[in-house]
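Asker: Pasting run_25.cif below, which is mmCIF, C-alpha atoms.
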```
data_run
#
loop_
_atom_site.label_atom_id
_atom_site.label_comp_id
_atom_site.auth_asym_id
_atom_site.auth_seq_id
_atom_site.Cartn_x
_atom_site.Cartn_y
_atom_site.Cartn_z
CA MET A 1 9.52 -2.82 -55.93
CA SER A 2 13.12 -3.16 -54.80
CA THR A 3 15.73 -3.13 -57.58
CA GLN A 4 19.47 -3.59 -57.78
CA SER A 5 19.89 0.16 -57.98
CA THR A 6 18.15 0.74 -54.63
CA PRO A 7 20.74 2.01 -52.13
CA SER A 8 21.30 -0.24 -49.14
CA ILE A 9 21.55 0.81 -45.50
CA LEU A 10 24.66 -0.37 -43.74
CA PHE A 11 23.76 -2.09 -40.44
CA THR A 12 26.42 -2.14 -37.75
CA ASN A 13 26.60 -3.49 -34.24
CA ARG A 14 28.36 -1.53 -31.51
CA SER A 15 30.74 -3.78 -29.64
CA ARG A 16 30.04 -2.06 -26.32
CA GLN A 17 26.31 -2.64 -25.90
CA GLN A 18 24.37 -0.33 -23.63
CA GLY A 19 22.15 -1.60 -20.80
CA PHE A 20 18.68 -0.66 -21.97
CA ARG A 21 15.48 -2.16 -20.55
CA LEU A 22 12.27 -1.68 -22.49
CA LEU A 23 9.17 -0.93 -20.38
CA GLU A 24 5.69 -1.31 -21.86
CA LEU A 25 3.25 1.22 -20.37
CA PRO A 26 -0.51 0.74 -20.05
CA PRO A 27 -2.52 3.28 -22.08
CA GLU A 28 -3.75 5.25 -19.06
CA LEU A 29 -0.22 5.76 -17.71
CA ALA A 30 1.18 6.64 -21.14
CA GLU A 31 -1.55 9.27 -21.47
CA LEU A 32 -0.69 10.74 -18.06
CA LEU A 33 3.00 10.94 -18.89
CA SER A 34 2.26 12.81 -22.11
CA SER A 35 -0.08 15.28 -20.40
CA GLU A 36 0.81 18.85 -19.43
CA ASN A 37 1.39 17.86 -15.79
CA PRO A 38 2.94 14.39 -15.87
CA PRO A 39 3.21 12.54 -12.55
CA THR A 40 6.47 11.68 -10.86
CA LEU A 41 7.31 7.98 -11.12
CA GLU A 42 8.95 6.08 -8.27
CA LEU A 43 10.54 2.65 -8.21
CA LYS A 44 9.83 1.27 -4.73
CA SER A 45 10.78 -2.00 -3.09
CA PRO A 46 10.48 -3.12 0.54
CA ALA A 47 13.52 -2.96 2.78
CA PRO A 48 15.05 -6.38 3.65
CA SER A 49 13.97 -5.84 7.26
CA ASN A 50 10.37 -5.53 6.07
CA THR A 51 10.26 -9.10 4.74
CA ALA A 52 10.75 -12.46 6.37
CA ASN A 53 14.53 -13.09 6.55
CA GLY A 54 14.98 -10.69 3.65
CA ALA A 55 13.25 -13.14 1.32
CA GLY A 56 10.91 -11.78 -1.32
CA SER A 57 12.47 -8.32 -1.25
CA GLU A 58 13.97 -8.63 -4.71
CA TYR A 59 10.94 -7.19 -6.48
CA VAL A 60 10.12 -3.60 -7.35
CA ASN A 61 6.88 -1.74 -8.00
CA LEU A 62 6.40 1.36 -10.10
CA CYS A 63 4.29 3.98 -8.34
CA THR A 64 2.72 7.28 -9.21
CA ASP A 65 1.27 9.37 -6.42
CA THR A 66 -2.04 7.49 -6.69
CA GLN A 67 -1.40 4.25 -8.62
CA THR A 68 0.75 1.16 -8.03
CA TYR A 69 1.97 -1.28 -10.69
CA SER A 70 4.01 -4.41 -10.27
CA ILE A 71 6.86 -4.81 -12.76
CA ARG A 72 7.38 -8.21 -14.31
CA GLN A 73 9.80 -9.41 -16.97
CA VAL A 74 8.45 -10.99 -20.13
CA GLN A 75 10.79 -13.06 -22.29
CA SER A 76 10.54 -12.77 -26.06
CA SER A 77 11.63 -15.22 -28.74
CA ASN A 78 12.39 -12.25 -30.99
CA SER A 79 15.18 -9.96 -29.86
CA LEU A 80 14.60 -6.24 -30.08
CA HIS A 81 17.45 -4.00 -31.23
CA ILE A 82 17.71 -0.35 -30.28
CA LEU A 83 19.16 1.53 -33.25
CA THR A 84 20.77 4.88 -33.65
CA PRO A 85 21.31 6.57 -37.04
CA SER A 86 24.72 7.62 -38.25
CA SER A 87 25.70 11.17 -37.36
CA GLY A 88 27.27 13.49 -39.91
CA THR A 89 30.70 13.10 -38.30
CA GLY A 90 31.02 9.39 -39.02
CA VAL A 91 31.41 6.34 -36.81
CA ARG A 92 34.44 5.40 -34.72
CA ARG A 93 36.11 2.27 -36.00
CA ASP A 94 36.76 0.74 -32.57
CA ASP A 95 33.16 1.27 -31.42
CA LEU A 96 31.50 -1.05 -33.89
CA LYS A 97 31.70 -4.18 -35.92
CA ILE A 98 30.33 -4.10 -39.47
CA VAL A 99 27.97 -7.01 -39.97
CA ALA A 100 26.69 -6.21 -43.45
CA GLY A 101 28.26 -4.33 -46.33
CA GLY A 102 29.83 -4.42 -49.75
CA ALA A 103 33.09 -5.97 -50.93
CA ASP A 104 35.07 -2.88 -49.96
CA GLY A 105 35.88 -1.66 -46.49
CA ASP A 106 35.87 -4.26 -43.73
CA ASN A 107 34.72 -7.29 -45.72
CA ASN A 108 36.78 -9.47 -48.03
CA ALA A 109 35.53 -11.21 -51.08
CA ASP A 110 34.11 -14.09 -49.01
CA GLY A 111 32.09 -11.70 -46.85
CA GLU A 112 34.20 -12.34 -43.75
CA ASP A 113 35.06 -9.52 -41.34
CA VAL A 114 38.52 -8.06 -41.85
CA ASP A 115 40.13 -5.82 -39.24
CA MET A 116 41.50 -2.58 -40.59
CA ASP A 117 44.92 -1.60 -39.26
CA ALA A 118 47.80 0.69 -40.13
CA ASP A 119 49.00 -1.57 -43.00
CA SER A 120 45.71 -1.12 -44.86
CA GLY A 121 45.89 2.62 -44.60
CA ASN A 122 43.41 3.08 -41.74
CA GLU A 123 44.44 3.10 -38.10
CA GLN A 124 42.28 1.67 -35.29
CA GLY A 125 40.07 4.32 -33.75
CA LEU A 126 39.75 6.57 -36.84
CA ASN A 127 36.28 7.70 -37.93
CA LEU A 128 34.67 5.84 -40.79
CA ASN A 129 32.83 8.39 -42.91
CA VAL A 130 29.96 6.10 -43.78
CA GLU A 131 26.69 7.73 -44.74
CA GLY A 132 23.28 6.05 -44.24
CA THR A 133 24.42 3.78 -41.42
CA VAL A 134 22.31 2.51 -38.51
CA THR A 135 23.97 1.03 -35.46
CA SER A 136 22.56 -1.38 -32.90
CA ILE A 137 23.52 0.01 -29.50
CA ALA A 138 21.51 -2.47 -27.39
CA LYS A 139 19.87 -5.86 -27.77
CA CYS A 140 16.87 -6.67 -25.57
CA GLY A 141 15.76 -10.28 -25.30
CA SER A 142 13.01 -9.40 -22.84
CA THR A 143 10.73 -6.52 -21.95
CA LEU A 144 9.23 -5.23 -18.74
CA GLU A 145 5.49 -4.77 -18.39
CA LEU A 146 3.32 -3.19 -15.72
CA HIS A 147 0.64 -5.27 -14.05
CA LYS A 148 -2.18 -4.68 -11.58
CA PRO A 149 -3.28 -7.85 -9.77
CA ALA A 150 -7.00 -8.38 -9.26
CA GLU A 151 -6.63 -8.26 -5.47
CA GLY A 152 -4.86 -4.90 -5.67
CA PHE A 153 -2.12 -3.65 -3.37
CA SER A 154 -2.10 -2.93 0.35
CA ALA A 155 0.32 -0.99 2.52
CA VAL A 156 -1.00 -2.53 5.76
CA PRO A 157 1.32 -5.59 5.92
CA PHE A 158 4.37 -3.34 5.49
CA LEU A 159 3.16 -0.70 7.94
CA ASN A 160 2.41 -3.38 10.53
CA LYS A 161 6.07 -4.42 10.42
CA LEU A 162 7.47 -0.89 10.33
CA VAL A 163 5.33 0.67 13.06
CA ARG A 164 5.16 -0.54 16.67
CA VAL A 165 1.97 -1.29 18.59
CA PHE A 166 0.87 1.28 21.17
CA ASP A 167 -1.20 0.38 24.23
CA GLY A 168 -1.81 1.61 27.76
CA ALA A 169 1.27 -0.13 29.11
CA THR A 170 3.38 1.59 26.48
CA TRP A 171 2.14 4.99 27.64
CA GLU A 172 2.99 4.18 31.26
CA ASP A 173 6.45 2.91 30.32
CA MET A 174 7.09 6.11 28.39
CA ASN A 175 6.13 8.22 31.43
CA GLY A 176 3.17 9.75 29.62
CA ALA A 177 3.09 13.13 31.40
CA ARG A 178 6.75 13.78 30.61
CA ILE A 179 6.40 12.66 27.02
CA GLN A 180 3.34 14.86 26.56
CA ASP A 181 5.31 17.91 27.68
CA ASP A 182 8.17 17.00 25.34
CA VAL A 183 6.04 16.52 22.21
CA ILE A 184 6.22 19.47 19.83
CA THR A 185 3.08 20.88 18.24
CA GLY A 186 2.05 23.25 15.49
CA LYS A 187 3.81 23.75 12.16
CA GLU A 188 7.12 22.40 13.46
CA ALA A 189 5.44 19.14 14.47
CA THR A 190 3.78 18.91 11.05
CA GLU A 191 7.11 19.30 9.25
CA VAL A 192 8.82 16.72 11.46
CA THR A 193 5.91 14.31 11.01
CA ARG A 194 5.96 14.79 7.24
CA THR A 195 9.68 13.99 7.12
CA THR A 196 9.13 10.94 9.31
CA LEU A 197 6.31 9.63 7.13
CA ASP A 198 8.41 10.19 4.00
CA ARG A 199 11.05 7.90 5.49
CA VAL A 200 8.48 5.29 6.52
CA PHE A 201 6.61 5.27 3.19
CA ALA A 202 9.89 5.04 1.24
CA ASP A 203 10.09 1.37 2.26
CA VAL A 204 6.46 0.62 1.39
CA PRO A 205 6.14 -0.39 -2.30
CA VAL A 206 2.72 1.23 -2.66
CA ALA A 207 1.57 4.63 -3.96
CA ARG A 208 1.87 7.51 -1.49
CA THR A 209 -1.87 8.26 -1.47
CA GLN A 210 -2.72 4.69 -0.53
CA CYS A 211 -0.01 4.66 2.16
CA GLU A 212 -1.56 7.76 3.72
CA ARG A 213 -5.10 6.40 3.43
CA GLU A 214 -4.25 3.15 5.20
CA TRP A 215 -2.08 4.99 7.75
CA VAL A 216 -5.20 6.99 8.67
CA GLU A 217 -7.44 3.91 8.69
CA MET A 218 -5.21 2.17 11.25
CA CYS A 219 -5.12 5.37 13.39
CA ALA A 220 -1.32 5.42 13.24
CA PHE A 221 0.49 8.47 14.57
CA ALA A 222 3.94 9.95 15.16
CA LEU A 223 5.38 11.41 18.36
CA PRO A 224 7.95 14.01 17.26
CA SER A 225 9.99 15.03 20.31
CA ALA A 226 11.25 18.51 21.15
CA SER A 227 14.53 16.92 22.23
CA GLY A 228 15.31 16.25 18.58
CA THR A 229 14.72 13.51 16.01
CA GLU A 230 18.02 13.57 14.15
CA GLY A 231 19.47 10.11 13.81
CA GLN A 232 16.34 8.41 15.15
CA ALA A 233 14.77 5.61 13.18
CA PRO A 234 11.21 6.39 11.98
CA SER A 235 9.94 3.30 13.82
CA SER A 236 11.01 4.84 17.14
CA MET A 237 8.58 7.74 16.60
CA CYS A 238 5.70 6.00 14.82
CA TRP A 239 2.98 3.94 16.48
CA ARG A 240 -0.25 2.13 15.69
CA PRO A 241 -2.74 1.67 18.53
CA SER A 242 -4.16 -1.71 19.44
CA ALA A 243 -7.90 -2.24 19.07
CA GLU A 244 -8.27 -2.13 22.86
CA THR A 245 -6.45 1.22 23.00
CA ILE A 246 -8.69 2.66 20.28
CA GLN A 247 -11.71 1.56 22.29
CA ASP A 248 -10.38 3.35 25.38
CA VAL A 249 -9.74 6.56 23.41
CA TRP A 250 -13.19 6.49 21.83
CA LYS A 251 -14.86 5.87 25.20
CA ARG A 252 -13.10 8.94 26.61
CA ILE A 253 -14.18 11.01 23.62
CA VAL A 254 -17.85 10.08 24.00
CA GLU A 255 -17.82 10.67 27.77
CA GLY A 256 -16.01 14.00 27.41
CA ALA A 257 -18.39 15.16 24.69
CA VAL A 258 -21.41 14.38 26.89
CA LEU A 259 -19.95 16.21 29.90
CA GLN A 260 -19.01 19.29 27.88
CA GLY A 261 -22.17 19.33 25.77
CA ILE A 262 -20.30 18.80 22.48
CA ASP A 263 -22.40 17.43 19.62
CA LEU A 264 -20.02 15.14 17.75
CA GLY A 265 -22.21 15.22 14.64
CA LYS A 266 -21.80 19.01 14.29
CA GLN A 267 -18.77 21.27 13.94
CA PHE A 268 -16.68 21.49 17.12
CA LEU A 269 -13.24 22.77 18.07
CA VAL A 270 -10.81 19.88 18.24
CA SER A 271 -8.96 21.62 21.08
CA ASP A 272 -12.20 21.79 23.12
CA LEU A 273 -12.79 18.08 22.67
CA TRP A 274 -9.20 17.37 23.67
CA LYS A 275 -9.62 19.31 26.90
CA SER A 276 -12.73 17.26 27.67
CA VAL A 277 -10.78 13.98 27.72
CA LEU A 278 -8.06 15.17 30.13
CA ASP A 279 -8.06 14.02 33.74
CA ASP A 280 -9.20 16.39 36.48
CA ASP A 281 -5.60 17.45 37.10
CA GLY A 282 -5.02 18.10 33.40
CA VAL A 283 -2.96 14.95 32.79
CA ALA A 284 -3.44 13.33 29.38
CA PRO A 285 -4.52 9.67 29.50
CA PHE A 286 -2.93 9.16 26.07
CA PRO A 287 -0.85 11.28 23.65
CA ARG A 288 -2.65 14.00 21.74
CA PRO A 289 -1.39 12.72 18.34
CA LEU A 290 -3.28 9.48 19.08
CA PHE A 291 -6.42 11.44 19.92
CA GLU A 292 -6.10 13.40 16.66
CA ALA A 293 -5.49 10.18 14.70
CA VAL A 294 -8.81 8.79 15.94
CA ILE A 295 -10.68 12.01 15.07
CA ARG A 296 -9.00 12.09 11.65
CA ARG A 297 -10.16 8.52 11.01
CA ILE A 298 -13.88 9.22 11.54
CA ARG A 299 -14.31 12.91 10.79
CA GLU A 300 -16.68 14.08 8.11
CA LEU A 301 -15.05 15.05 4.81
CA ALA A 302 -16.11 17.18 1.90
CA ASP A 303 -17.33 15.30 -1.17
CA GLY A 304 -14.43 13.59 -2.93
CA ALA A 305 -11.90 14.50 -0.25
CA GLU A 306 -9.28 11.95 0.83
CA ARG A 307 -8.37 11.06 4.41
CA VAL A 308 -4.80 12.33 4.43
CA ALA A 309 -2.33 11.83 7.25
CA LEU A 310 -1.26 15.44 7.73
CA SER A 311 -4.47 17.39 7.27
CA GLU A 312 -4.94 20.32 9.64
CA MET A 313 -7.75 19.88 12.13
CA LYS A 314 -8.86 23.01 13.92
CA TRP A 315 -12.54 22.26 13.41
CA ALA A 316 -14.07 18.85 12.83
CA SER A 317 -17.32 16.90 12.89
CA ILE A 318 -17.85 13.14 13.03
CA GLU A 319 -19.41 11.37 10.05
CA LYS A 320 -22.09 9.21 11.70
CA GLY A 321 -22.19 6.32 9.22
CA THR A 322 -18.40 5.96 9.10
CA CYS A 323 -18.15 6.20 12.88
CA VAL A 324 -20.89 3.63 13.63
CA ARG A 325 -19.31 1.09 11.28
CA TRP A 326 -15.79 1.74 12.58
CA VAL A 327 -16.80 1.44 16.25
CA GLY A 328 -18.48 -1.91 15.60
CA GLU A 329 -15.53 -3.27 13.67
CA THR A 330 -13.00 -2.07 16.26
CA TYR A 331 -15.02 -3.43 19.20
CA LEU A 332 -15.29 -6.82 17.48
CA GLU A 333 -11.52 -6.92 16.93
CA ALA A 334 -10.88 -5.99 20.57
CA LYS A 335 -13.32 -8.44 22.14
CA ALA A 336 -13.68 -11.33 19.69
CA ALA A 337 -10.53 -11.66 17.58
CA GLY A 338 -10.96 -15.09 16.02
CA SER A 339 -13.46 -17.96 16.14
CA ALA A 340 -12.14 -19.18 19.50
CA SER A 341 -13.39 -16.00 21.19
CA ALA A 342 -16.63 -15.56 19.23
CA VAL A 343 -19.47 -13.83 21.09
CA GLY A 344 -23.22 -14.01 20.77
CA GLU A 345 -24.67 -11.78 18.08
CA SER A 346 -27.19 -10.09 20.41
CA GLU A 347 -24.50 -9.54 23.06
CA PHE A 348 -22.27 -7.91 20.47
CA LEU A 349 -25.05 -5.63 19.17
CA ASN A 350 -25.92 -4.42 22.68
CA ALA A 351 -22.26 -3.71 23.52
CA TRP A 352 -21.84 -1.92 20.19
CA LYS A 353 -24.79 0.36 20.94
CA ASP A 354 -23.31 1.21 24.35
CA GLN A 355 -20.20 2.56 22.61
CA LEU A 356 -22.15 5.22 20.69
CA PRO A 357 -23.94 8.51 21.42
CA GLU A 358 -27.61 8.03 22.22
CA LEU A 359 -28.98 9.30 18.91
CA TRP A 360 -26.72 7.01 16.85
CA ARG A 361 -27.66 3.70 18.44
CA GLU A 362 -30.57 3.02 16.11
CA ASP A 363 -28.12 2.71 13.19
CA VAL A 364 -26.44 -0.37 14.69
CA SER A 365 -26.85 -3.46 12.51
CA ILE A 366 -24.72 -6.35 11.34
CA ALA A 367 -25.56 -5.24 7.81
CA VAL A 368 -23.48 -2.04 8.12
CA LEU A 369 -20.26 -3.98 8.84
CA PRO A 370 -17.93 -4.75 5.92
CA ASN A 371 -18.38 -8.40 4.95
CA LYS A 372 -14.66 -9.05 5.10
CA CYS A 373 -14.28 -7.88 8.70
CA TYR A 374 -16.30 -10.59 10.45
CA MET A 375 -17.18 -14.28 10.42
CA GLN A 376 -20.04 -16.24 11.96
CA PRO A 377 -18.74 -19.62 13.15
CA GLU A 378 -22.26 -20.49 14.28
CA PRO A 379 -25.59 -18.98 13.15
CA LYS A 380 -25.94 -16.83 16.29
CA THR A 381 -22.29 -16.02 17.02
CA ILE A 382 -19.87 -13.54 15.47
CA CYS A 383 -16.13 -12.85 15.59
CA PHE A 384 -13.54 -10.65 13.92
CA ALA A 385 -11.96 -11.98 10.71
CA THR A 386 -8.18 -11.92 11.10
CA GLU A 387 -5.81 -11.22 8.21
CA ALA A 388 -5.18 -14.97 7.85
CA ASP A 389 -8.94 -15.54 7.54
CA ARG A 390 -9.18 -12.85 4.89
CA GLN A 391 -6.34 -14.36 2.88
CA LYS A 392 -8.12 -17.72 2.98
CA ALA A 393 -11.29 -16.07 1.75
CA LYS A 394 -9.39 -14.46 -1.14
CA LYS A 395 -8.00 -17.82 -2.18
CA ASN A 396 -11.37 -19.53 -1.65
CA LEU A 397 -9.84 -21.82 0.95
CA PRO A 398 -12.13 -23.17 3.66
CA SER A 399 -11.73 -21.87 7.19
CA ASP A 400 -11.35 -24.32 10.06
CA THR A 401 -15.09 -24.19 10.80
CA THR A 402 -16.07 -24.75 7.18
CA ALA A 403 -13.60 -27.61 6.82
CA ALA A 404 -14.94 -29.28 9.94
CA THR A 405 -18.50 -28.97 8.68
CA ALA A 406 -17.50 -30.42 5.30
CA ALA A 407 -15.77 -33.35 6.97
CA LYS A 408 -18.83 -34.01 9.09
CA LYS A 409 -21.06 -34.09 6.02
CA THR A 410 -18.65 -36.42 4.26
CA ARG A 411 -19.00 -38.98 7.06
CA ASN A 412 -22.78 -39.12 6.53
CA TRP A 413 -22.43 -41.83 3.90
CA HIS A 414 -26.13 -42.64 3.65
CA GLU A 415 -26.85 -38.98 2.83
CA LEU A 416 -24.05 -38.92 0.27
CA PHE A 417 -25.25 -42.07 -1.51
CA ARG A 418 -28.86 -40.92 -1.38
CA ASN A 419 -27.93 -37.66 -3.12
CA GLN A 420 -26.03 -39.60 -5.78
CA LYS A 421 -29.05 -41.86 -6.43
CA ARG A 422 -31.27 -38.81 -6.82
CA GLN A 423 -28.90 -37.38 -9.40
CA LYS A 424 -28.89 -40.64 -11.41
CA ARG A 425 -32.65 -40.67 -11.56
#
```
Represent the structure from my file as C-alpha cells, please.
Answerer:
Amino acid sequence: MSTQSTPSILFTNRSRQQGFRLLELPPELAELLSSENPPTLELKSPAPSNTANGAGSEYVNLCTDTQTYSIRQVQSSNSLHILTPSSGTGVRRDDLKIVAGGADGDNNADGEDVDMDADSGNEQGLNLNVEGTVTSIAKCGSTLELHKPAEGFSAVPFLNKLVRVFDGATWEDMNGARIQDDVITGKEATEVTRTTLDRVFADVPVARTQCEREWVEMCAFALPSASGTEGQAPSSMCWRPSAETIQDVWKRIVEGAVLQGIDLGKQFLVSDLWKSVLDDDGVAPFPRPLFEAVIRRIRELADGAERVALSEMKWASIEKGTCVRWVGETYLEAKAAGSASAVGESEFLNAWKDQLPELWREDVSIAVLPNKCYMQPEPKTICFATEADRQKAKKNLPSDTTAATAAKKTRNWHELFRNQKRQKR
C-alpha cells in the first residue's frame, strides 16, 4: 500500500516534442521482425502520374518482399506519452517544463510554475540534477495500424498505367529488324532489365513478389537497347502485349514446334524453339523478350516455385494444364471482350481446341476456366469478363444483363403478386 513515505517520481514534459508515430504490428509480422533473418520493410505509394489527376495518391502501404499491408490511422481518446528516464547527468532546464513536483524548485506554494532565472541562483540552460525523473518526449493522440483488405492487393491496375501496350503495329513502327539487332542479350540484358523493373515496381504499392508474379502473368517484357538506357524512363522500355498479340505469338510457337518436331510438354531448348518461329529469311516477327515472356508464363515449374520475372530459361517445358487454361482465357479476351461481342459456346470451344497441340485438345472445357474471367450473357453464349465486370462482381452489383433481366421480371406484375399470395398462404 502506498504511504506518505513512498518516494515520488517527478514527471516532466519536454517543451520540444519529438515527432513519433506509433505503429501496431500484426503478430505474424512482429514475429518475422524478431527472427534471425528479418525482412526489409518498404513504405510504397503510387506516383501522382499513376493515379487519376494525382488524386488518391496520398496513401502509403507497408510492404515486405512477399506481403502488403495498408496503413491506416486510428484516433484514440486516450493520449499515449512516450517517456524517457532521467540520465545520470541531469536534465537541461530549457528542454523541459516541470508539471509535477514539491514546493521547492520550480513550483511556488500555490503549485504554479515558476521560471528559474539568474536572480534565483540558477541560470536558464543549466542542468537540473534531479534523480528519478521521467520525461515525456512525445504525445501521440493516434496510432497507425496495418490492415489487409478481404479483396487483397493487385499490381495490375498500376502496371497497366505504367507499361505501354505492344501490338503488331508497334513492332512495325519500331522497325522490328533494326530493334532486334539493337537489343542486348545475356547477363548484361538481365542486369539492365532488373534495374528497369526496380524503377517500375518502386511506384507500385504492392510487395515485390506479387509485382513480379503479375508482371509474368500479363506477359510483360522489357527491351533494353545496346544504344544505352541512361536517362530513359522505364515506360519507354517496358511493354505488355495485347491479347491479340499473345495469340499471334502462341500460334507461331505451336506451328514452329510442329515443323521442328519439338514436344512442348517435354524439355526443349528455348533457343531451338525461338529459331523455329523466325521467318524463312531469319527475321523475327516479334521481339525475343516477348517470346520469352510467353514461355515464362506457361512453363512448367518445380513444386513450390514462383513465376519470377528474371528467371533464366535455357531449358523449358510447357505445363499442359496451365497452358490450356491460359490459351482459352487469352483467346476469349481477344475475340469476345465484353457482352456486346459474345460468341457461341460451341464456337468458342472449337476455336480454343484449334489453338492447342493435338494431344492437348481433349482437356478443353469451360470448367477449366477461372470463374472470374468469363460471363455468359445468354445460356449458350460466352464472353470475357472485363475489369469493370469483375469489380461489379466483387461489390455484388448487377451487370447490365442481370439488371435488364431483373427489370423484365419486375414488370410481370401478375407473377409478382402470385408469388406474394403464395407466401401469405
Asker: For the provided coordinates, the residues matched by the PyMOL selection byres ((chain A and resi 168) around 9) should be stated as a list in words.
Answerer: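 When the PyMOL selection byres ((chain A and resi 168) around 9) is applied to the shown file, the picked residues are Phe166, Asp167, Ala169, Thr170, Trp171, Glu172, Asp173, Glu244, Thr245, Pro285 and Phe286 of chain A.
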Asker: Fewer than 3 positions away in the same chain doesn't count, so skip those; otherwise give me all residues within 10 Å of stretch 74-88 of chain A, counting all atoms listed in the file, as JSON, numbers by chain.
Answerer: {"A": [10, 11, 12, 13, 14, 17, 18, 20, 22, 71, 91, 129, 130, 131, 132, 133, 134, 135, 136, 137, 138, 139, 140, 141, 142, 143, 144, 145]}
Asker: Could you check the closest approach to A:Ser70 for each of A:Val156, A:Val206, A:Val165, A:Leu197 and tell me which residue wins, using all atoms listed in the file?
Answerer: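 Of all the options, A:Val206 lies closest to A:Ser70.
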Asker: Quick one, how far is atom CA of A:Glu214 from atom CA of A:Thr386?
Answerer: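 Interatomic distance, atom CA of A:Glu214 to atom CA of A:Thr386: 16.7 Å.
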Asker: State, in Å with one decimal place, the distance from atom CA of A:Glu58 to atom CA of A:Pro46.
Answerer: 8.4 Å
Asker: Enter the distance from atom CA of A:Pro38 to atom CA of A:Gln67, in Å, rounded to one decimal.
Answerer: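 Those two atoms sit 13.2 Å apart.
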Asker: Please determine, counting all atoms listed in the file, which residue among A:Leu259, A:Leu23, A:Met174, A:Leu159 has the shortest atom-to-atom distance to A:Glu212.
Answerer: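 Looking only at the distances to A:Glu212, the closest residue turns out to be A:Leu159.
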Asker: For this structure, which residues satisfy the selection - the PyMOL selection byres ((chain A and resi 339-354) around 7) - when it is evaluated on the file as given? I want them as a PyMOL selection string.
Answerer: chain A and resi 328+336-338+355-356+361+364+377+380-383
Asker: For stretch 39-43 of chain A, work out the shell of residues within 9 Å, counting all atoms listed in the file and skipping chain neighbours fewer than 6 positions away, then give it as a short mmCIF file (atom, residue, chain, number, x, y, z; two decimals) with C-alpha atoms, in the coordinates of the input.
Answerer:
```cif
data_model
loop_
_atom_site.label_atom_id
_atom_site.label_comp_id
_atom_site.auth_asym_id
_atom_site.auth_seq_id
_atom_site.Cartn_x
_atom_site.Cartn_y
_atom_site.Cartn_z
CA LEU A 32 -0.69 10.74 -18.06
CA LEU A 33 3.00 10.94 -18.89
CA VAL A 60 10.12 -3.60 -7.35
CA ASN A 61 6.88 -1.74 -8.00
CA LEU A 62 6.40 1.36 -10.10
CA CYS A 63 4.29 3.98 -8.34
CA THR A 64 2.72 7.28 -9.21
CA ASP A 65 1.27 9.37 -6.42
CA PRO A 205 6.14 -0.39 -2.30
CA ALA A 207 1.57 4.63 -3.96
#
```
Asker: What do you get, as an NGL selection string, if you spell out every residue that the PyMOL selection byres ((chain A and resi 242) around 10) selects here?
Answerer: :A and (164-168 or 218-220 or 239-241 or 243-248 or 330 or 333-334)
Asker: Mind giving me the axis-aligned box for stretch 285-295 of chain A with 5 Å on every side, centre plus edges in Å to one decimal, as JSON?
Answerer:
```
{"center_x": -5.8, "center_y": 11.4, "center_z": 22.1, "size_x": 19.8, "size_y": 15.2, "size_z": 24.8}
```
